[in-house]
>>> print(open('coords.tsv').read())   # TSV, C-alpha atoms
chain	number	residue	atom	x	y	z
A	1313	MET	CA	0.00	0.00	0.00
A	1314	HIS	CA	1.79	3.10	-1.15
A	1315	GLU	CA	-1.36	5.01	-2.03
A	1316	LEU	CA	-1.18	7.19	1.09
A	1317	SER	CA	2.28	8.38	0.13
A	1318	ILE	CA	1.07	8.97	-3.43
A	1319	ALA	CA	-1.90	10.92	-2.05
A	1320	THR	CA	0.47	12.99	0.09
A	1321	SER	CA	2.56	13.81	-3.00
A	1322	ILE	CA	-0.60	14.88	-4.83
A	1323	VAL	CA	-1.57	17.15	-1.94
A	1324	GLU	CA	1.90	18.73	-1.78
A	1325	LEU	CA	1.85	19.35	-5.51
A	1326	ALA	CA	-1.61	20.90	-5.40
A	1327	GLU	CA	-0.76	23.04	-2.34
A	1328	GLU	CA	2.26	24.40	-4.18
A	1329	GLU	CA	0.12	25.31	-7.21
A	1330	ALA	CA	-2.55	26.86	-4.99
A	1331	GLU	CA	-0.04	29.07	-3.17
A	1332	ARG	CA	1.68	30.09	-6.37
A	1333	ARG	CA	-1.60	31.05	-8.01
A	1334	GLY	CA	-3.19	32.48	-4.88
A	1335	VAL	CA	-6.30	30.33	-5.21
A	1336	ARG	CA	-8.24	27.82	-3.16
A	1337	VAL	CA	-8.41	24.29	-4.59
A	1338	VAL	CA	-11.78	22.58	-4.45
A	1339	ALA	CA	-10.93	19.57	-6.60
A	1340	VAL	CA	-7.85	17.83	-8.02
A	1341	HIS	CA	-8.16	16.02	-11.33
A	1342	LEU	CA	-5.85	13.05	-11.70
A	1343	THR	CA	-5.21	10.70	-14.59
A	1344	LEU	CA	-4.26	7.23	-13.47
A	1345	GLY	CA	-2.91	4.76	-16.03
A	1346	GLN	CA	-3.75	1.10	-15.65
A	1347	LEU	CA	-0.02	0.33	-15.47
A	1348	SER	CA	0.78	3.05	-12.94
A	1349	GLY	CA	0.93	0.55	-10.10
A	1350	VAL	CA	-1.60	2.56	-8.13
A	1351	VAL	CA	-4.97	1.16	-7.04
A	1352	THR	CA	-7.79	3.63	-7.68
A	1353	GLU	CA	-9.96	2.66	-4.69
A	1354	ALA	CA	-7.03	2.71	-2.27
A	1355	LEU	CA	-5.92	6.11	-3.53
A	1356	ALA	CA	-9.44	7.53	-3.29
A	1357	GLY	CA	-9.66	6.17	0.25
A	1358	SER	CA	-6.36	7.77	1.24
A	1359	TYR	CA	-7.17	11.23	-0.05
A	1360	ASP	CA	-9.16	12.49	2.95
A	1361	ILE	CA	-6.41	11.37	5.31
A	1362	ALA	CA	-3.74	13.03	3.19
A	1363	THR	CA	-5.61	16.32	2.94
A	1364	ALA	CA	-6.52	16.60	6.64
A	1365	GLY	CA	-5.00	19.76	8.13
A	1366	THR	CA	-3.69	20.99	4.77
A	1367	LEU	CA	-4.84	23.72	2.36
A	1368	LEU	CA	-6.58	20.93	0.45
A	1369	GLU	CA	-8.79	19.84	3.33
A	1370	GLY	CA	-12.35	19.30	2.13
A	1371	SER	CA	-11.35	19.14	-1.55
A	1372	ARG	CA	-12.27	16.27	-3.88
A	1373	LEU	CA	-10.05	13.96	-5.87
A	1374	VAL	CA	-11.45	13.25	-9.33
A	1375	ILE	CA	-9.73	10.20	-10.82
A	1376	THR	CA	-9.83	9.38	-14.52
A	1377	GLU	CA	-8.55	5.89	-15.25
A	1378	ALA	CA	-6.53	5.75	-18.44
A	1379	PRO	CA	-6.50	2.47	-20.38
A	1380	VAL	CA	-3.35	1.00	-21.89
A	1381	VAL	CA	-2.64	2.04	-25.46
A	1382	VAL	CA	-0.07	0.03	-27.43
A	1383	PHE	CA	1.36	0.35	-30.90
A	1384	CYS	CA	0.44	-2.63	-33.09
A	1385	PRO	CA	3.45	-3.45	-35.28
A	1386	ALA	CA	1.24	-5.26	-37.83
A	1387	CYS	CA	-1.56	-2.67	-38.21
A	1388	ARG	CA	0.88	0.18	-37.59
A	1389	GLU	CA	-1.83	1.77	-35.45
A	1390	ARG	CA	-2.39	2.76	-31.83
A	1391	ARG	CA	-4.68	0.26	-30.14
A	1392	THR	CA	-6.45	0.48	-26.80
A	1393	LEU	CA	-6.22	-2.78	-24.87
A	1394	PRO	CA	-9.52	-4.12	-23.54
A	1395	SER	CA	-7.57	-5.98	-20.83
A	1396	VAL	CA	-4.16	-5.46	-19.20
A	1397	GLN	CA	-3.83	-9.22	-19.02
A	1398	LEU	CA	-3.38	-9.57	-22.76
A	1399	PHE	CA	-0.92	-7.36	-24.59
A	1400	GLN	CA	-2.02	-8.03	-28.12
A	1401	CYS	CA	-3.77	-6.04	-30.81
A	1402	PRO	CA	-7.55	-6.35	-30.28
A	1403	GLN	CA	-8.00	-6.18	-34.07
A	1404	CYS	CA	-5.43	-8.59	-35.49
A	1405	GLY	CA	-4.09	-10.46	-32.44
A	1406	THR	CA	-0.43	-9.52	-32.92
A	1407	PRO	CA	1.43	-9.31	-29.59
A	1408	SER	CA	2.69	-5.85	-28.71
A	1409	ALA	CA	5.00	-4.77	-25.91
A	1410	GLU	CA	5.22	-1.19	-27.09
A	1411	VAL	CA	3.24	0.77	-24.51
A	1412	ILE	CA	2.31	4.30	-25.62
A	1413	GLU	CA	-0.06	5.20	-22.78
A	1414	GLY	CA	-1.13	3.63	-19.52
A	1415	ARG	CA	1.64	4.51	-17.06
A	1416	GLU	CA	0.30	7.99	-16.24
A	1417	LEU	CA	0.18	9.25	-12.69
A	1418	GLN	CA	-0.48	12.88	-13.43
A	1419	VAL	CA	-2.36	15.80	-11.96
A	1420	THR	CA	-4.01	17.21	-15.08
A	1421	ALA	CA	-6.07	20.08	-13.67
A	1422	LEU	CA	-7.27	21.82	-10.54
A	1423	GLU	CA	-10.71	23.19	-9.83
A	1424	VAL	CA	-10.07	26.46	-8.05
A	1425	GLU	CA	-11.92	29.47	-6.71
B	292	MET	CA	-20.93	36.23	-3.39
B	293	LYS	CA	-19.02	33.00	-3.70
B	294	PRO	CA	-17.22	32.70	-7.03
B	295	GLU	CA	-17.86	29.73	-9.30
B	296	PRO	CA	-15.00	27.21	-9.35
B	297	ARG	CA	-12.95	27.28	-12.53
B	298	LEU	CA	-10.70	24.64	-14.03
B	299	VAL	CA	-6.99	25.34	-14.49
B	300	GLU	CA	-4.76	22.99	-16.41
B	301	VAL	CA	-1.71	21.75	-14.51
B	302	ARG	CA	-0.25	18.56	-16.09
B	303	ARG	CA	2.30	17.60	-13.49
B	304	ASN	CA	3.60	14.11	-12.88
B	305	VAL	CA	3.09	13.10	-9.27
B	306	LEU	CA	6.33	11.09	-9.12
B	307	LYS	CA	8.40	13.66	-10.98
B	308	HIS	CA	10.82	14.05	-8.10
B	309	ASN	CA	11.51	10.32	-8.04
B	310	ASP	CA	11.93	10.24	-11.80
B	311	LEU	CA	14.45	13.08	-11.65
B	312	VAL	CA	16.51	11.41	-8.93
B	313	ALA	CA	16.38	8.11	-10.85
B	314	ARG	CA	17.60	9.84	-13.99
B	315	GLU	CA	20.46	11.43	-12.06
B	316	LEU	CA	21.39	8.02	-10.59
B	317	ARG	CA	21.30	6.35	-14.00
B	318	ALA	CA	23.66	8.97	-15.42
B	319	ARG	CA	25.98	8.52	-12.46
B	320	PHE	CA	26.00	4.72	-12.79
B	321	GLN	CA	26.84	5.08	-16.44
B	322	ARG	CA	29.62	7.53	-15.74
B	323	GLU	CA	31.13	5.24	-13.11
B	324	GLY	CA	30.73	2.19	-15.34
B	325	ILE	CA	28.43	0.19	-13.08
B	326	ALA	CA	25.75	-2.24	-14.23
B	327	VAL	CA	22.75	-2.05	-11.90
B	328	VAL	CA	20.21	-4.83	-11.56
B	329	SER	CA	17.13	-4.64	-9.34
B	330	LEU	CA	15.09	-7.60	-8.16
B	331	VAL	CA	11.36	-7.47	-7.43
B	332	SER	CA	9.03	-10.25	-6.32
B	333	SER	CA	6.42	-11.15	-3.74
B	334	PRO	CA	7.62	-12.00	-0.23
B	335	GLY	CA	9.09	-15.48	0.02
B	336	SER	CA	9.83	-16.08	-3.63
B	337	GLY	CA	13.51	-16.64	-2.94
B	338	LYS	CA	15.02	-13.25	-3.85
B	339	THR	CA	17.58	-13.30	-1.07
B	340	ARG	CA	18.71	-16.88	-1.68
B	341	PHE	CA	18.95	-16.17	-5.40
B	342	LEU	CA	20.94	-13.01	-4.79
B	343	GLU	CA	23.21	-14.78	-2.31
B	344	SER	CA	24.01	-17.40	-4.92
B	345	THR	CA	24.52	-14.69	-7.57
B	346	LEU	CA	26.92	-12.67	-5.39
B	347	SER	CA	28.91	-15.77	-4.41
B	348	ARG	CA	29.34	-16.76	-8.05
B	349	MET	CA	30.44	-13.28	-9.09
B	350	ASN	CA	32.53	-12.21	-6.12
B	351	SER	CA	35.82	-13.76	-7.26
B	352	ARG	CA	35.63	-12.25	-10.74
B	353	TYR	CA	33.92	-8.91	-10.23
B	354	ARG	CA	33.49	-6.22	-7.65
B	355	VAL	CA	29.88	-6.68	-6.65
B	356	ALA	CA	27.77	-4.88	-4.07
B	357	ALA	CA	24.16	-5.06	-2.97
B	358	LEU	CA	21.48	-2.87	-1.44
B	359	VAL	CA	18.63	-4.73	0.23
B	360	GLY	CA	15.26	-3.24	1.09
B	361	ASP	CA	13.24	-4.69	3.93
B	362	LEU	CA	10.38	-3.41	6.06
B	363	ALA	CA	11.82	-4.20	9.45
B	364	THR	CA	14.82	-6.50	9.74
B	365	GLU	CA	18.46	-6.61	8.73
B	366	ASN	CA	18.43	-10.40	8.36
B	367	ASP	CA	18.77	-10.32	4.58
B	368	ALA	CA	21.91	-8.20	4.69
B	369	VAL	CA	23.45	-10.56	7.22
B	370	ARG	CA	22.69	-13.52	4.95
B	371	LEU	CA	24.02	-11.77	1.87
B	372	ALA	CA	27.19	-10.60	3.59
B	373	ARG	CA	28.23	-14.26	3.79
B	374	SER	CA	28.99	-14.00	0.08
B	375	GLY	CA	31.83	-11.62	0.94
B	376	ALA	CA	30.35	-8.72	-1.04
B	377	PRO	CA	29.64	-5.33	0.57
B	378	VAL	CA	25.95	-5.25	1.46
B	379	LYS	CA	23.84	-2.51	2.91
B	380	GLN	CA	20.33	-2.88	4.29
B	381	ILE	CA	17.74	-0.22	3.70
B	382	VAL	CA	15.11	-0.58	6.42
B	383	THR	CA	12.08	1.13	4.96
B	384	GLY	CA	9.90	1.00	8.09
B	385	THR	CA	6.31	1.22	6.96
B	386	VAL	CA	7.19	2.02	3.35
B	387	CYS	CA	6.44	-0.91	1.06
B	388	HIS	CA	8.90	-0.12	-1.73
B	389	LEU	CA	12.28	1.46	-2.42
B	390	ASP	CA	12.45	4.82	-4.13
B	391	ALA	CA	15.26	6.58	-5.94
B	392	SER	CA	16.05	8.91	-3.01
B	393	MET	CA	16.60	5.92	-0.70
B	394	ILE	CA	19.06	4.48	-3.22
B	395	ARG	CA	20.86	7.80	-3.52
B	396	SER	CA	21.28	8.30	0.21
B	397	SER	CA	22.36	4.68	0.74
B	398	LEU	CA	25.15	5.11	-1.79
B	399	GLU	CA	26.60	8.17	-0.08
B	400	GLU	CA	29.38	6.33	1.76
B	401	TRP	CA	30.24	4.02	-1.11
B	402	HIS	CA	32.94	4.67	-3.64
B	403	LEU	CA	31.07	3.67	-6.76
B	404	ALA	CA	34.12	3.62	-8.99
B	405	ASP	CA	35.17	0.49	-7.07
B	406	VAL	CA	32.05	-1.43	-8.05
B	407	ASP	CA	31.31	-3.34	-11.28
B	408	TYR	CA	27.85	-4.64	-10.48
B	409	LEU	CA	25.31	-3.29	-8.05
B	410	PHE	CA	22.28	-5.39	-7.13
B	411	ILE	CA	19.21	-3.84	-5.53
B	412	GLU	CA	16.77	-6.17	-3.79
B	413	ASN	CA	13.44	-4.41	-3.46
B	414	VAL	CA	10.95	-4.98	-0.63
B	415	GLY	CA	8.89	-8.12	-1.24
B	416	ASN	CA	5.88	-6.67	-3.01
B	417	LEU	CA	4.59	-6.94	-6.58
B	418	VAL	CA	2.43	-3.81	-6.54
B	419	CYS	CA	4.10	-0.68	-5.19
B	420	PRO	CA	7.62	-1.06	-6.66
B	421	ALA	CA	6.07	-0.84	-10.15
B	422	SER	CA	5.63	2.93	-9.74
B	423	TYR	CA	9.22	3.79	-8.83
B	424	ASP	CA	12.18	4.00	-11.17
B	425	LEU	CA	15.39	3.34	-9.22
B	426	GLY	CA	17.84	4.23	-11.97
B	427	GLU	CA	18.63	0.56	-12.62
B	428	ASP	CA	19.69	-0.79	-16.02
B	429	VAL	CA	17.66	-3.92	-15.67
B	430	ARG	CA	14.69	-4.86	-13.52
B	431	ALA	CA	14.28	-8.58	-12.92
B	432	VAL	CA	10.92	-9.85	-11.71
B	433	LEU	CA	11.05	-13.13	-9.81
B	434	MET	CA	8.30	-15.65	-9.24
B	435	SER	CA	8.72	-19.03	-7.59
B	436	VAL	CA	7.13	-22.28	-8.71
B	437	THR	CA	5.24	-22.44	-5.41
B	438	GLU	CA	3.32	-19.24	-6.17
B	439	GLY	CA	1.17	-20.47	-9.04
B	440	GLU	CA	1.32	-19.90	-12.78
B	441	ASP	CA	-1.09	-16.96	-12.85
B	442	LYS	CA	1.08	-14.48	-10.91
B	443	PRO	CA	1.79	-12.43	-14.09
B	444	LEU	CA	-1.94	-12.04	-14.77
B	445	LYS	CA	-2.55	-10.85	-11.22
B	446	TYR	CA	0.28	-8.30	-11.33
B	447	PRO	CA	0.53	-7.22	-14.98
B	448	ALA	CA	2.06	-3.81	-14.24
B	449	ILE	CA	5.19	-5.17	-12.60
B	450	PHE	CA	5.70	-7.93	-15.17
B	451	ASN	CA	5.09	-5.52	-18.03
B	452	GLY	CA	7.69	-3.11	-16.67
B	453	ALA	CA	10.38	-5.79	-16.16
B	454	ASP	CA	13.36	-6.51	-18.42
B	455	VAL	CA	13.69	-10.18	-17.54
B	456	ALA	CA	11.58	-12.72	-15.63
B	457	VAL	CA	13.18	-15.33	-13.41
B	458	ILE	CA	11.25	-18.40	-12.28
B	459	THR	CA	12.85	-19.55	-9.03
B	460	LYS	CA	12.85	-22.74	-6.91
B	461	MET	CA	12.81	-24.94	-10.02
B	462	ASP	CA	13.93	-27.85	-7.80
B	463	LEU	CA	10.39	-27.80	-6.38
B	464	CYS	CA	8.71	-27.64	-9.80
B	465	GLU	CA	7.38	-31.18	-9.76
B	466	ALA	CA	6.39	-31.24	-6.10
B	467	ALA	CA	4.47	-27.98	-6.56
B	468	GLU	CA	2.84	-29.34	-9.75
B	469	PHE	CA	3.92	-26.15	-11.44
B	470	ASP	CA	2.89	-25.86	-15.08
B	471	LEU	CA	5.90	-24.15	-16.62
B	472	GLU	CA	4.37	-23.76	-20.07
B	473	SER	CA	1.30	-22.06	-18.70
B	474	ALA	CA	3.50	-19.73	-16.61
B	475	ARG	CA	5.51	-18.83	-19.70
B	476	ALA	CA	2.32	-18.15	-21.67
B	477	ASN	CA	1.03	-15.88	-18.90
B	478	ILE	CA	4.30	-13.92	-18.84
B	479	GLN	CA	4.18	-13.50	-22.61
B	480	ALA	CA	0.53	-12.37	-22.41
B	481	VAL	CA	1.39	-9.40	-20.21
B	482	ARG	CA	4.82	-8.71	-21.71
B	483	PRO	CA	5.35	-10.13	-25.19
B	484	GLY	CA	8.98	-11.00	-25.86
B	485	LEU	CA	10.13	-10.90	-22.24
B	486	ARG	CA	13.11	-13.16	-21.63
B	487	VAL	CA	12.36	-15.90	-19.09
B	488	LEU	CA	15.02	-17.77	-17.10
B	489	CYS	CA	14.30	-20.82	-14.94
B	490	VAL	CA	16.61	-21.26	-11.97
B	491	SER	CA	17.20	-23.04	-8.71
B	492	ALA	CA	19.65	-21.34	-6.39
B	493	LYS	CA	19.68	-24.58	-4.40
B	494	THR	CA	20.76	-26.98	-7.18
B	495	GLY	CA	22.42	-24.36	-9.39
B	496	GLU	CA	20.07	-25.11	-12.29
B	497	GLY	CA	19.89	-22.19	-14.70
B	498	MET	CA	22.36	-20.08	-12.72
B	499	GLU	CA	24.94	-20.21	-15.53
B	500	GLU	CA	22.43	-18.76	-17.99
B	501	TRP	CA	21.60	-16.02	-15.47
B	502	MET	CA	25.33	-15.28	-15.08
B	503	GLU	CA	25.68	-15.00	-18.86
B	504	TYR	CA	22.76	-12.62	-18.94
B	505	ILE	CA	24.27	-10.47	-16.17
B	506	GLU	CA	27.70	-10.47	-17.77
B	507	SER	CA	26.19	-9.28	-21.05
B	508	LEU	CA	25.19	-6.10	-19.19
B	509	THR	CA	28.76	-5.01	-18.46
B	510	PRO	CA	28.97	-1.34	-19.38
B	511	ALA	CA	31.12	-0.72	-22.44
B	512	GLN	CA	33.60	1.56	-20.71
B	513	LYS	CA	34.92	-1.09	-18.27
>>> encode(input="coords.tsv", output="structure tokens")
Amino acid sequence: MHELSIATSIVELAEEEAERRGVRVVAVHLTLGQLSGVVTEALAGSYDIATAGTLLEGSRLVITEAPVVVFCPACRERRTLPSVQLFQCPQCGTPSAEVIEGRELQVTALEVE
Amino acid sequence: MKPEPRLVEVRRNVLKHNDLVARELRARFQREGIAVVSLVSSPGSGKTRFLESTLSRMNSRYRVAALVGDLATENDAVRLARSGAPVKQIVTGTVCHLDASMIRSSLEEWHLADVDYLFIENVGNLVCPASYDLGEDVRAVLMSVTEGEDKPLKYPAIFNGADVAVITKMDLCEAAEFDLESARANIQAVRPGLRVLCVSAKTGEGMEEWMEYIESLTPAQK
């Protein structure tokens, strides 16, 4: 379980942005890739603990899960994997280890006032 | 009147600090001519025994060193020190993974120019270490025959991010009724093309092939 430490990093990052911009953060938008190694539910559950007593207290964490996108060497196209348990092109079945997206652990936006 | 919330774009990676430290470490390892191999697995898959055997085999020919992550004890370092190689334990406390800053601070007292190969044994955990780059050249993921063939399907992120897979405790393969072909297929499903080595640190099976793999990593400048 490293989600609490991830949540703490998110809070620190958002606090820094809030201070720099002189705003109050009401929500943090996060993109979480399926290969990020972070469990969505555990992270969501850690957020309130991580924000307690900080500038972010009372704010929401809005998580968007990002699927894995690979490059199919046969189709020469980007393909979104329906499952992270099978790294092959969903169209033609060719195996692909070339991950283009899916490792994201990124704060994309802040809702501020 | 209370203003309406507005959305501002930020686009910042949460683990940017770790990634920066890892990049700095990688550059330093390259400069000093060190090949760095990290090991990840679940608890009890035989990482320490495997590393002990690896260090013993290499110690007469190379200058090897190891960093070992553990939640609470220094037992692993004591075991590994029997190989004669310098070993340092990183006790992580409640933290379930190593990060690049821990590696950096552990290396402070070491003269890296005197090392050819550095091994990093991560905390036994197949989830959290997947998020943290340690600056290593190669990440080996270990699974033992007693864990079941579907481990890769349960932990796709860590297998997908690995550079080599090592199936350990092969001496127990039959007793555990381990289906090697199905394990290989599961590894290939989550990471097509991943090299798979089958070893037993106890009998020595497959250790030569592992040594050849490790020796192929020797940085060009040494």
>>> interface_residues(input="coords.tsv", of="chain A", to="chain B", cutoff="8 Å", atoms="all atoms listed in the file", output="PyMOL selection string")
chain A and resi 1313-1314+1318+1321-1322+1325+1338+1346-1350+1396-1400+1407-1409+1416-1425
>>> closest_residue(input="coords.tsv", among="A:Thr1366, A:Ser1371, A:Thr1376, A:Thr1406", to="Glu1331 of chain A", atoms="all atoms listed in the file")
A:Thr1366
>>> axis_aligned_box(input="coords.tsv", around="segment 1405-1409 of chain A", padding_each_side="3 Å", output="lines of an AutoDock Vina configuration file")
center_x = 0.5
center_y = -7.6
center_z = -29.4
size_x = 15.1
size_y = 11.7
size_z = 13.0
>>> closest_residue(input="coords.tsv", among="B:Ala492, B:Ile505, B:Leu471, B:Leu316", to="Glu343 of chain B", atoms="all atoms listed in the file")
B:Ala492
>>> atom_distance(input="coords.tsv", atom1="atom CA of Leu1393 of chain A", atom2="atom CA of Leu1344 of chain A")
15.3 Å
>>> residues_near_point(input="coords.tsv", point="(25.2, -12.4, 5.3)", cutoff="12 Å", atoms="only C-alpha atoms", output="list in words")
Thr339, Arg340, Leu342, Glu343, Ser344, Leu346, Ser347, Ala357, Val359, Glu365, Asn366, Asp367, Ala368, Val369, Arg370, Leu371, Ala372, Arg373, Ser374, Gly375, Ala376, Pro377, Val378, Lys379 and Gln380 of chain B
>>> atom_distance(input="coords.tsv", atom1="atom CA of Leu330 of chain B", atom2="atom CA of Glu503 of chain B")
16.8 Å
>>> atom_distance(input="coords.tsv", atom1="atom CA of Glu1315 of chain A", atom2="atom CA of Phe450 of chain B")
19.7 Å
>>> residues_around(input="coords.tsv", residues="Gly360 of chain B", least_positions_apart="4", cutoff="8 Å", atoms="all atoms listed in the file", output="list of chain:residue names")
B:Gln380, B:Ile381, B:Val382, B:Thr383, B:His388, B:Leu389, B:Ile411, B:Glu412, B:Asn413, B:Val414
>>> write_last_selection(input="coords.tsv", atoms="C-alpha atoms", output="mmCIF file, keeping the file's coordinate frame")
data_model
loop_
_atom_site.group_PDB
_atom_site.id
_atom_site.type_symbol
_atom_site.label_atom_id
_atom_site.label_comp_id
_atom_site.auth_asym_id
_atom_site.auth_seq_id
_atom_site.Cartn_x
_atom_site.Cartn_y
_atom_site.Cartn_z
ATOM 1 C CA GLN B 380 20.330 -2.880 4.290
ATOM 2 C CA ILE B 381 17.740 -0.220 3.700
ATOM 3 C CA VAL B 382 15.110 -0.580 6.420
ATOM 4 C CA THR B 383 12.080 1.130 4.960
ATOM 5 C CA HIS B 388 8.900 -0.120 -1.730
ATOM 6 C CA LEU B 389 12.280 1.460 -2.420
ATOM 7 C CA ILE B 411 19.210 -3.840 -5.530
ATOM 8 C CA GLU B 412 16.770 -6.170 -3.790
ATOM 9 C CA ASN B 413 13.440 -4.410 -3.460
ATOM 10 C CA VAL B 414 10.950 -4.980 -0.630
#
>>> closest_residue(input="coords.tsv", among="B:Glu315, B:Asp390, B:Phe410, B:Trp501", to="Ser1317 of chain A", atoms="only C-alpha atoms")
B:Asp390
>>> residues_near_point(input="coords.tsv", point="(17.6, -19.3, -7.2)", cutoff="6 Å", atoms="only C-alpha atoms", output="PyMOL selection string")
chain B and resi 341+459-460+490-492
>>> residues_around(input="coords.tsv", residues="Leu508 of chain B", least_positions_apart="2", cutoff="9 Å", atoms="all atoms listed in the file", output="MDAnalysis selection string")
chainID B and resid 326:327 428:429 503:506 510:511
>>> closest_residue(input="coords.tsv", among="A:Cys1387, A:Val1340, A:Cys1401, A:Ala1354", to="Val1374 of chain A", atoms="only C-alpha atoms")
A:Val1340
